[in-house]
$ cat start.txt   # compact mmCIF, C-alpha atoms
# COMPACT_ATOMS: atom_id res chain seq x y z
CA LYS N 1 -33.51 -33.09 39.58
CA GLU N 2 -35.22 -31.45 42.54
CA ARG N 3 -33.11 -28.69 44.03
CA GLY N 4 -32.47 -29.23 47.71
CA ILE N 5 -33.06 -25.70 48.99
CA LYS N 6 -36.34 -26.14 50.87
CA GLY N 7 -34.98 -24.62 54.08
CA VAL N 8 -33.73 -21.47 52.38
CA ARG N 9 -35.20 -18.06 53.09
CA LEU N 10 -33.25 -15.44 51.19
CA LYS N 11 -34.35 -11.82 50.90
CA LEU N 12 -32.70 -9.60 48.31
CA ILE N 13 -33.06 -6.23 46.61
CA HIS N 14 -32.79 -6.08 42.83
CA PHE N 15 -32.24 -2.69 41.20
CA ALA N 16 -30.53 -1.44 38.06
CA ASP N 17 -29.77 1.47 35.75
CA LEU N 18 -29.04 4.16 38.30
CA HIS N 19 -27.39 6.44 35.68
CA LEU N 20 -26.07 8.78 38.32
CA GLY N 21 -25.16 12.04 36.60
CA VAL N 22 -28.27 12.52 34.47
CA GLU N 23 -29.14 16.20 34.88
CA SER N 24 -32.02 16.65 32.41
CA TYR N 25 -34.66 19.15 33.54
CA GLY N 26 -32.70 20.03 36.68
CA LYS N 27 -31.23 23.28 37.94
CA ILE N 28 -27.95 24.10 39.63
CA GLU N 29 -28.33 24.50 43.38
CA PRO N 30 -26.35 27.55 44.55
CA THR N 31 -25.21 26.05 47.87
CA SER N 32 -23.62 22.91 46.41
CA GLY N 33 -23.07 23.84 42.78
CA LEU N 34 -24.61 20.49 41.86
CA SER N 35 -27.67 19.74 39.77
CA SER N 36 -30.94 19.29 41.63
CA ARG N 37 -31.38 16.08 39.63
CA PHE N 38 -28.17 14.71 41.14
CA HIS N 39 -29.74 15.10 44.57
CA ASP N 40 -32.94 13.44 43.30
CA PHE N 41 -31.00 10.35 42.23
CA LEU N 42 -29.08 10.21 45.51
CA ALA N 43 -32.34 10.51 47.46
CA VAL N 44 -33.85 7.41 45.85
CA LEU N 45 -30.57 5.54 46.32
CA ASP N 46 -30.71 6.52 49.99
CA GLU N 47 -34.27 5.16 50.21
CA LEU N 48 -33.04 1.83 48.86
CA THR N 49 -30.05 1.80 51.22
CA ASP N 50 -32.20 2.65 54.25
CA TYR N 51 -34.72 -0.05 53.35
CA ALA N 52 -31.99 -2.66 52.91
CA ILE N 53 -30.51 -1.88 56.33
CA GLU N 54 -33.81 -1.56 58.20
CA SER N 55 -35.24 -4.73 56.62
CA LYS N 56 -31.97 -6.64 57.05
CA VAL N 57 -31.93 -7.95 53.51
CA ASP N 58 -29.43 -10.70 52.68
CA LEU N 59 -28.16 -9.31 49.39
CA VAL N 60 -28.35 -6.17 47.24
CA LEU N 61 -28.01 -6.95 43.54
CA PHE N 62 -27.33 -4.15 41.06
CA GLY N 63 -27.99 -4.91 37.38
CA GLY N 64 -25.55 -2.43 35.82
CA ASP N 65 -25.15 1.17 34.56
CA ALA N 66 -24.13 3.00 37.71
CA TYR N 67 -23.44 6.30 35.98
CA LYS N 68 -24.68 8.23 32.98
CA THR N 69 -21.24 8.23 31.35
CA ARG N 70 -18.20 6.01 31.21
CA ASP N 71 -16.18 8.76 32.92
CA PRO N 72 -18.08 9.74 36.06
CA THR N 73 -16.89 12.75 38.03
CA PRO N 74 -15.06 12.25 41.34
CA THR N 75 -18.12 13.65 43.15
CA GLN N 76 -20.42 11.12 41.49
CA GLN N 77 -18.04 8.30 42.39
CA ARG N 78 -17.71 9.51 45.97
CA GLU N 79 -21.46 9.68 46.54
CA PHE N 80 -22.07 6.25 45.02
CA ALA N 81 -19.25 4.80 47.14
CA LYS N 82 -20.78 6.30 50.31
CA ARG N 83 -23.97 4.29 49.78
CA ILE N 84 -22.08 1.11 48.94
CA ASN N 85 -20.00 1.58 52.09
CA ARG N 86 -23.13 1.95 54.24
CA LEU N 87 -24.44 -1.38 53.00
CA SER N 88 -21.06 -3.06 53.39
CA SER N 89 -20.61 -1.77 56.94
CA HIS N 90 -23.98 -3.33 57.87
CA ASN N 91 -22.75 -6.70 56.62
CA ILE N 92 -24.98 -6.67 53.54
CA PRO N 93 -23.28 -8.16 50.46
CA ILE N 94 -23.54 -6.04 47.31
CA PHE N 95 -23.27 -7.52 43.83
CA LEU N 96 -22.36 -5.00 41.11
CA LEU N 97 -22.86 -6.05 37.49
CA ILE N 98 -21.16 -4.17 34.67
CA GLY N 99 -23.49 -2.53 32.14
CA ASN N 100 -22.78 -0.88 28.79
CA HIS N 101 -22.49 2.57 30.38
CA ASP N 102 -19.91 1.20 32.83
CA LEU N 103 -17.48 0.12 30.12
CA PRO N 104 -14.49 2.30 29.18
CA ASN N 105 -13.92 3.53 25.63
CA ALA N 106 -10.90 1.29 25.14
CA PHE N 107 -9.69 -2.11 26.28
CA GLY N 108 -7.32 -1.98 29.23
CA ARG N 109 -9.05 0.92 30.95
CA ALA N 110 -10.97 0.42 34.17
CA THR N 111 -14.73 0.03 34.36
CA THR N 112 -16.62 2.55 36.50
CA THR N 113 -17.08 0.19 39.48
CA GLU N 114 -13.83 -1.77 39.22
CA ILE N 115 -12.28 0.23 42.06
CA PHE N 116 -14.36 -1.75 44.60
CA ASP N 117 -12.80 -4.97 43.33
CA THR N 118 -9.30 -3.49 43.15
CA LEU N 119 -9.47 -2.34 46.76
CA ALA N 120 -11.10 -5.63 47.83
CA VAL N 121 -13.89 -3.73 49.58
CA LYS N 122 -15.58 -6.00 52.11
CA ASN N 123 -18.90 -7.52 51.01
CA VAL N 124 -18.68 -6.08 47.46
CA TYR N 125 -18.59 -8.35 44.41
CA VAL N 126 -17.91 -6.82 40.99
CA ALA N 127 -18.83 -8.84 37.90
CA ASN N 128 -17.02 -7.56 34.81
CA LYS N 129 -16.98 -10.94 33.06
CA PRO N 130 -19.17 -14.05 32.98
CA ASP N 131 -18.64 -16.09 36.12
CA VAL N 132 -20.45 -17.82 38.98
CA PHE N 133 -20.06 -16.11 42.35
CA ARG N 134 -20.76 -18.00 45.57
CA ILE N 135 -21.74 -15.30 48.03
CA PRO N 136 -22.15 -15.90 51.77
CA THR N 137 -25.09 -13.93 53.15
CA PRO N 138 -26.84 -13.74 56.54
CA GLY N 139 -29.56 -15.99 55.04
CA GLY N 140 -27.13 -18.55 53.68
CA GLU N 141 -24.92 -18.99 50.64
CA VAL N 142 -26.27 -17.98 47.22
CA GLN N 143 -24.92 -18.46 43.72
CA VAL N 144 -25.02 -15.52 41.31
CA ALA N 145 -24.18 -16.23 37.67
CA SER N 146 -23.14 -13.06 35.89
CA LEU N 147 -23.72 -11.94 32.33
CA PRO N 148 -22.39 -8.38 32.15
CA TRP N 149 -22.62 -6.30 29.01
CA LEU N 150 -20.19 -7.81 26.55
CA ARG N 151 -18.86 -5.83 23.63
CA ARG N 152 -19.67 -7.20 20.21
CA SER N 153 -15.96 -6.99 19.36
CA ALA N 154 -15.12 -9.15 22.39
CA LEU N 155 -17.49 -11.87 21.22
CA LEU N 156 -16.87 -11.83 17.47
CA SER N 157 -13.75 -10.98 15.52
CA ARG N 158 -13.88 -8.93 12.33
CA GLU N 159 -12.88 -12.04 10.40
CA GLU N 160 -15.92 -13.90 11.73
CA THR N 161 -18.36 -11.13 10.82
CA LYS N 162 -17.02 -9.88 7.50
CA ASP N 163 -19.42 -12.03 5.44
CA LEU N 164 -22.41 -11.80 7.81
CA ASN N 165 -25.28 -9.36 7.61
CA PHE N 166 -26.74 -7.73 10.74
CA GLU N 167 -29.33 -10.48 11.34
CA GLN N 168 -26.78 -13.25 10.88
CA THR N 169 -24.36 -11.49 13.22
CA ASN N 170 -27.03 -11.23 15.90
CA GLN N 171 -27.90 -14.91 15.51
CA ARG N 172 -24.25 -15.79 16.00
CA LEU N 173 -24.10 -13.54 19.07
CA GLN N 174 -27.18 -15.27 20.48
CA GLN N 175 -25.45 -18.63 20.06
CA ILE N 176 -22.32 -17.40 21.83
CA LEU N 177 -24.18 -15.81 24.74
CA THR N 178 -26.40 -18.87 25.11
CA GLY N 179 -23.24 -20.96 25.28
CA VAL N 180 -21.90 -18.68 28.04
CA ILE N 181 -25.08 -19.23 30.06
CA GLU N 182 -24.91 -22.99 29.46
CA ALA N 183 -21.36 -23.05 30.82
CA GLN N 184 -22.47 -21.21 33.95
CA VAL N 185 -25.44 -23.54 34.50
CA ALA N 186 -23.03 -26.46 34.44
CA LYS N 187 -21.12 -24.91 37.37
CA LEU N 188 -24.17 -24.50 39.63
CA ASP N 189 -24.57 -26.43 42.85
CA PRO N 190 -28.19 -27.69 42.86
CA SER N 191 -28.27 -27.59 46.66
CA LEU N 192 -27.93 -23.79 46.71
CA PRO N 193 -30.24 -21.02 45.43
CA ALA N 194 -29.11 -19.64 42.08
CA ILE N 195 -29.66 -16.25 40.45
CA LEU N 196 -28.74 -15.09 36.96
CA ALA N 197 -27.77 -11.41 36.82
CA ALA N 198 -27.66 -10.14 33.24
CA HIS N 199 -27.31 -6.74 31.60
CA VAL N 200 -28.83 -7.54 28.24
CA TRP N 201 -31.68 -6.78 25.88
CA VAL N 202 -34.24 -9.61 25.91
CA SER N 203 -36.55 -9.94 22.93
CA GLY N 204 -40.10 -8.85 23.72
CA ALA N 205 -39.19 -6.38 26.44
CA LYS N 206 -40.94 -3.02 26.34
CA VAL N 207 -38.41 -0.21 26.09
CA GLY N 208 -38.29 3.09 27.94
CA SER N 209 -35.85 5.99 28.10
CA GLU N 210 -32.85 3.74 27.32
CA LYS N 211 -33.84 3.91 23.64
CA ALA N 212 -32.23 7.36 23.44
CA MET N 213 -29.22 6.29 25.52
CA THR N 214 -28.28 3.16 23.61
CA ILE N 215 -24.64 2.94 22.55
CA GLY N 216 -24.28 1.30 19.13
CA GLN N 217 -26.38 -1.52 17.77
CA GLU N 218 -27.96 -3.93 20.21
CA HIS N 219 -27.59 -7.67 20.34
CA VAL N 220 -30.71 -9.36 21.63
CA LEU N 221 -31.28 -12.59 23.53
CA LEU N 222 -34.46 -14.64 23.32
CA LEU N 223 -36.41 -15.17 26.53
CA SER N 224 -35.88 -18.92 26.16
CA ASN N 225 -32.11 -18.32 26.24
CA ILE N 226 -32.18 -17.04 29.82
CA ALA N 227 -35.36 -18.41 31.45
CA ARG N 228 -33.53 -21.51 32.59
CA PRO N 229 -35.19 -23.65 35.29
CA GLU N 230 -31.84 -24.04 37.04
CA PHE N 231 -32.15 -20.40 38.18
CA ASP N 232 -34.53 -19.36 40.92
CA TYR N 233 -34.58 -15.74 39.77
CA ILE N 234 -33.27 -13.86 36.72
CA ALA N 235 -32.33 -10.27 37.59
CA LEU N 236 -32.06 -8.06 34.50
CA GLY N 237 -30.69 -4.61 33.81
CA HIS N 238 -30.48 -2.40 30.69
CA ILE N 239 -34.18 -1.77 29.95
CA HIS N 240 -35.48 1.19 31.96
CA LYS N 241 -39.14 0.13 32.13
CA HIS N 242 -39.72 -2.31 34.98
CA GLN N 243 -41.43 -5.52 33.83
CA GLU N 244 -41.72 -9.22 34.45
CA LEU N 245 -41.13 -11.28 31.31
CA SER N 246 -41.79 -14.69 32.83
CA PRO N 247 -43.32 -15.93 36.10
CA SER N 248 -41.50 -19.25 36.41
CA PRO N 249 -38.67 -18.77 36.82
CA PRO N 250 -39.20 -15.04 37.38
CA VAL N 251 -37.41 -13.04 34.65
CA VAL N 252 -37.49 -9.41 35.80
CA TYR N 253 -36.26 -6.04 34.61
CA ALA N 254 -36.05 -3.83 37.70
CA GLY N 255 -36.13 -0.75 35.46
CA SER N 256 -34.28 2.48 36.24
CA LEU N 257 -34.31 3.60 39.85
CA GLU N 258 -35.39 7.15 38.95
CA ARG N 259 -37.11 8.79 35.97
CA LEU N 260 -34.53 9.82 33.38
CA ASP N 261 -36.65 11.83 30.96
CA PHE N 262 -40.27 12.45 29.96
CA SER N 263 -40.57 9.01 28.32
CA ASP N 264 -40.54 7.69 31.92
CA GLU N 265 -43.19 10.16 33.08
CA ASN N 266 -45.95 7.61 33.65
CA ASP N 267 -43.74 4.75 34.83
CA ASP N 268 -43.48 3.64 38.43
CA LYS N 269 -39.86 3.61 39.58
CA GLY N 270 -38.08 1.85 42.39
CA PHE N 271 -36.59 -1.54 43.17
CA TYR N 272 -37.73 -5.12 43.61
CA VAL N 273 -37.70 -6.94 46.93
CA VAL N 274 -37.41 -10.65 46.24
CA GLU N 275 -37.78 -13.58 48.63
CA ILE N 276 -36.51 -17.03 47.70
CA ARG N 277 -38.00 -19.60 50.09
CA GLY N 278 -37.32 -22.77 48.09
CA LYS N 279 -37.52 -24.23 44.62
CA GLY N 280 -40.32 -22.45 42.75
CA GLN N 281 -41.17 -20.38 45.81
CA VAL N 282 -40.15 -16.86 44.86
CA SER N 283 -42.05 -13.67 45.59
$ encode --input "start.txt" --output "structure tokens"
Amino acid sequence: KERGIKGVRLKLIHFADLHLGVESYGKIEPTSGLSSRFHDFLAVLDELTDYAIESKVDLVLFGGDAYKTRDPTPTQQREFAKRINRLSSHNIPIFLLIGNHDLPNAFGRATTTEIFDTLAVKNVYVANKPDVFRIPTPGGEVQVASLPWLRRSALLSREETKDLNFEQTNQRLQQILTGVIEAQVAKLDPSLPAILAAHVWVSGAKVGSEKAMTIGQEHVLLLSNIARPEFDYIALGHIHKHQELSPSPPVVYAGSLERLDFSDENDDKGFYVVEIRGKGQVS
């Protein structure tokens, strides 16, 4: 069925894997007592924020992993919140997806960006579970289906996995996650633009510095699991090397916003600016 979104013109920023708090190869600045690398990361986040405001984008979409650790310092949280507040105060909606580095060590504890949801901060949408968000933007309403990082233990019980080897367990996880995406597709309104935001490892992606930062064993989705024609754009986080896995629909890893270590030395870093002008018209 042809999607009726021919009159749409939606401009968004897609970025991911900020990892605020990485201090490798930095030095402590005497005036602030903070790492020079902390200021580097804030500088590129400021560039993104300035661009979003000056260009009047309709949506800023973050693909997960705001901080280096699950327990960011108050200073790190304050500085991240300042940038989110600037966007919000300029009436730019911000979508924050939960990544593996955003999850607490135990169930029941807050995620690193949950405070924005708890305080009901204007124009901020926090996705800590699979759902479909209908977000009003200056360019019109957009649907964002979320696939945050989901713990293996939340998807499979010990009873289910006790007789499965690693490959069989991953196959079962693929089936479950594919079912989650199917359920979200069923909720989409075909008259509105639709984006899938996922923090996940997709088979075939080229890895970067995240290889040394991975927590536990990875579950992997096939490209065919997420490259659904019902979505106009698939915004990915988790892999730090920016890359486009599919042109139609576009399946894109934004990559990390800043270089994290020397494995990123030759990689271009930054964010994607995406325009959705109608079905199959994305640039």
$ closest_residue --input "start.txt" --among "N:Asn225, N:Gln243, N:Ser203, N:Asn128" --to "Gly179 of chain N" --atoms "all atoms listed in the file"
N:Asn225
$ atom_distance --input "start.txt" --atom1 "atom CA of Ser248 of chain N" --atom2 "atom CA of Val142 of chain N"
18.7 Å
$ atom_distance --input "start.txt" --atom1 "atom CA of Ile53 of chain N" --atom2 "atom CA of Ile92 of chain N"
7.8 Å
$ closest_residue --input "start.txt" --among "N:Asn91, N:Thr73, N:Thr111, N:Asn85" --to "Asp46 of chain N" --atoms "all atoms listed in the file"
N:Asn85
$ residues_around --input "start.txt" --residues "Lys122 of chain N" --least-positions-apart "4" --cutoff "12 Å" --atoms "only C-alpha atoms" --output "list in words"
Ile84, Asn85, Arg86, Leu87, Ser88, Ser89, His90, Asn91, Ile92, Pro93, Ile94, Phe95, Phe116, Asp117, Thr118, Val126, Ile135 and Pro136 of chain N
$ atom_distance --input "start.txt" --atom1 "atom CA of Tyr51 of chain N" --atom2 "atom CA of Arg83 of chain N"
12.1 Å
$ residues_around --input "start.txt" --residues "segment 65-69 of chain N" --least-positions-apart "3" --cutoff "6 Å" --atoms "all atoms listed in the file" --output "list of chain:residue names"
N:Asp17, N:Leu18, N:His19, N:Leu20, N:Gly21, N:Val22, N:Pro72, N:Gly99, N:His101, N:Asp102
$ residues_around --input "start.txt" --residues "Leu188 of chain N" --least-positions-apart "5" --cutoff "10 Å" --atoms "only C-alpha atoms" --output "NGL selection string"
:N and (132-134 or 143-145 or 183 or 193-195 or 230-231)
$ write_last_selection --input "start.txt" --atoms "C-alpha atoms" --output "compact mmCIF listing (two decimals), keeping the file's coordinate frame"
# COMPACT_ATOMS: atom_id res chain seq x y z
CA VAL N 132 -20.45 -17.82 38.98
CA PHE N 133 -20.06 -16.11 42.35
CA ARG N 134 -20.76 -18.00 45.57
CA GLN N 143 -24.92 -18.46 43.72
CA VAL N 144 -25.02 -15.52 41.31
CA ALA N 145 -24.18 -16.23 37.67
CA ALA N 183 -21.36 -23.05 30.82
CA PRO N 193 -30.24 -21.02 45.43
CA ALA N 194 -29.11 -19.64 42.08
CA ILE N 195 -29.66 -16.25 40.45
CA GLU N 230 -31.84 -24.04 37.04
CA PHE N 231 -32.15 -20.40 38.18
$ residues_around --input "start.txt" --residues "Leu223 of chain N" --least-positions-apart "5" --cutoff "8 Å" --atoms "all atoms listed in the file" --output "list in words"
Val202, Ser203, Gly204 and Leu245 of chain N
$ residues_around --input "start.txt" --residues "Thr112 of chain N" --least-positions-apart "2" --cutoff "7 Å" --atoms "all atoms listed in the file" --output "number ranges by chain"
N: 70, 102-103, 110, 114
$ closest_residue --input "start.txt" --among "N:Phe271, N:Leu119, N:Ala197, N:Val251" --to "Ala52 of chain N" --atoms "all atoms listed in the file"
N:Phe271
$ build_atoms --input "start.txt" --residues "segment 68-85 of chain N" --atoms "N, CA, C and O atoms" --output "JSON list (two decimals), keeping the file's coordinate frame"
[["chain", "number", "residue", "atom", "x", "y", "z"],
["N", 68, "LYS", "N", -24.21, 7.84, 34.32],
["N", 68, "LYS", "CA", -24.68, 8.23, 32.98],
["N", 68, "LYS", "C", -23.58, 8.01, 31.94],
["N", 68, "LYS", "O", -23.85, 7.57, 30.82],
["N", 69, "THR", "N", -22.34, 8.31, 32.30],
["N", 69, "THR", "CA", -21.24, 8.23, 31.35],
["N", 69, "THR", "C", -20.19, 7.24, 31.81],
["N", 69, "THR", "O", -20.17, 6.79, 32.96],
["N", 70, "ARG", "N", -19.28, 6.93, 30.90],
["N", 70, "ARG", "CA", -18.20, 6.01, 31.21],
["N", 70, "ARG", "C", -17.11, 6.68, 32.04],
["N", 70, "ARG", "O", -16.21, 6.02, 32.53],
["N", 71, "ASP", "N", -17.17, 8.00, 32.16],
["N", 71, "ASP", "CA", -16.18, 8.76, 32.92],
["N", 71, "ASP", "C", -16.87, 9.61, 33.97],
["N", 71, "ASP", "O", -16.95, 10.84, 33.85],
["N", 72, "PRO", "N", -17.38, 8.98, 35.03],
["N", 72, "PRO", "CA", -18.08, 9.74, 36.06],
["N", 72, "PRO", "C", -17.14, 10.71, 36.78],
["N", 72, "PRO", "O", -15.92, 10.48, 36.85],
["N", 73, "THR", "N", -17.70, 11.78, 37.30],
["N", 73, "THR", "CA", -16.89, 12.75, 38.03],
["N", 73, "THR", "C", -16.48, 12.17, 39.39],
["N", 73, "THR", "O", -17.14, 11.25, 39.91],
["N", 74, "PRO", "N", -15.44, 12.70, 39.99],
["N", 74, "PRO", "CA", -15.06, 12.25, 41.34],
["N", 74, "PRO", "C", -16.20, 12.40, 42.35],
["N", 74, "PRO", "O", -16.36, 11.55, 43.23],
["N", 75, "THR", "N", -16.99, 13.46, 42.23],
["N", 75, "THR", "CA", -18.12, 13.65, 43.15],
["N", 75, "THR", "C", -19.16, 12.55, 42.98],
["N", 75, "THR", "O", -19.68, 12.01, 43.97],
["N", 76, "GLN", "N", -19.47, 12.21, 41.74],
["N", 76, "GLN", "CA", -20.42, 11.12, 41.49],
["N", 76, "GLN", "C", -19.90, 9.80, 42.07],
["N", 76, "GLN", "O", -20.65, 9.05, 42.72],
["N", 77, "GLN", "N", -18.63, 9.53, 41.86],
["N", 77, "GLN", "CA", -18.04, 8.30, 42.39],
["N", 77, "GLN", "C", -18.04, 8.28, 43.92],
["N", 77, "GLN", "O", -18.32, 7.26, 44.54],
["N", 78, "ARG", "N", -17.72, 9.43, 44.50],
["N", 78, "ARG", "CA", -17.71, 9.51, 45.97],
["N", 78, "ARG", "C", -19.08, 9.23, 46.56],
["N", 78, "ARG", "O", -19.22, 8.45, 47.52],
["N", 79, "GLU", "N", -20.12, 9.84, 45.98],
["N", 79, "GLU", "CA", -21.46, 9.68, 46.54],
["N", 79, "GLU", "C", -21.99, 8.26, 46.35],
["N", 79, "GLU", "O", -22.67, 7.73, 47.23],
["N", 80, "PHE", "N", -21.68, 7.65, 45.22],
["N", 80, "PHE", "CA", -22.07, 6.25, 45.02],
["N", 80, "PHE", "C", -21.35, 5.37, 46.03],
["N", 80, "PHE", "O", -21.94, 4.49, 46.66],
["N", 81, "ALA", "N", -20.05, 5.60, 46.22],
["N", 81, "ALA", "CA", -19.25, 4.80, 47.14],
["N", 81, "ALA", "C", -19.75, 4.93, 48.58],
["N", 81, "ALA", "O", -19.71, 3.97, 49.36],
["N", 82, "LYS", "N", -20.23, 6.11, 48.96],
["N", 82, "LYS", "CA", -20.78, 6.30, 50.31],
["N", 82, "LYS", "C", -21.93, 5.33, 50.58],
["N", 82, "LYS", "O", -22.02, 4.73, 51.66],
["N", 83, "ARG", "N", -22.80, 5.18, 49.60],
["N", 83, "ARG", "CA", -23.97, 4.29, 49.78],
["N", 83, "ARG", "C", -23.55, 2.83, 49.79],
["N", 83, "ARG", "O", -24.07, 2.03, 50.58],
["N", 84, "ILE", "N", -22.59, 2.48, 48.94],
["N", 84, "ILE", "CA", -22.08, 1.11, 48.94],
["N", 84, "ILE", "C", -21.41, 0.80, 50.28],
["N", 84, "ILE", "O", -21.58, -0.29, 50.85],
["N", 85, "ASN", "N", -20.68, 1.77, 50.81],
["N", 85, "ASN", "CA", -20.00, 1.58, 52.09],
["N", 85, "ASN", "C", -21.00, 1.39, 53.24],
["N", 85, "ASN", "O", -20.76, 0.59, 54.15]]
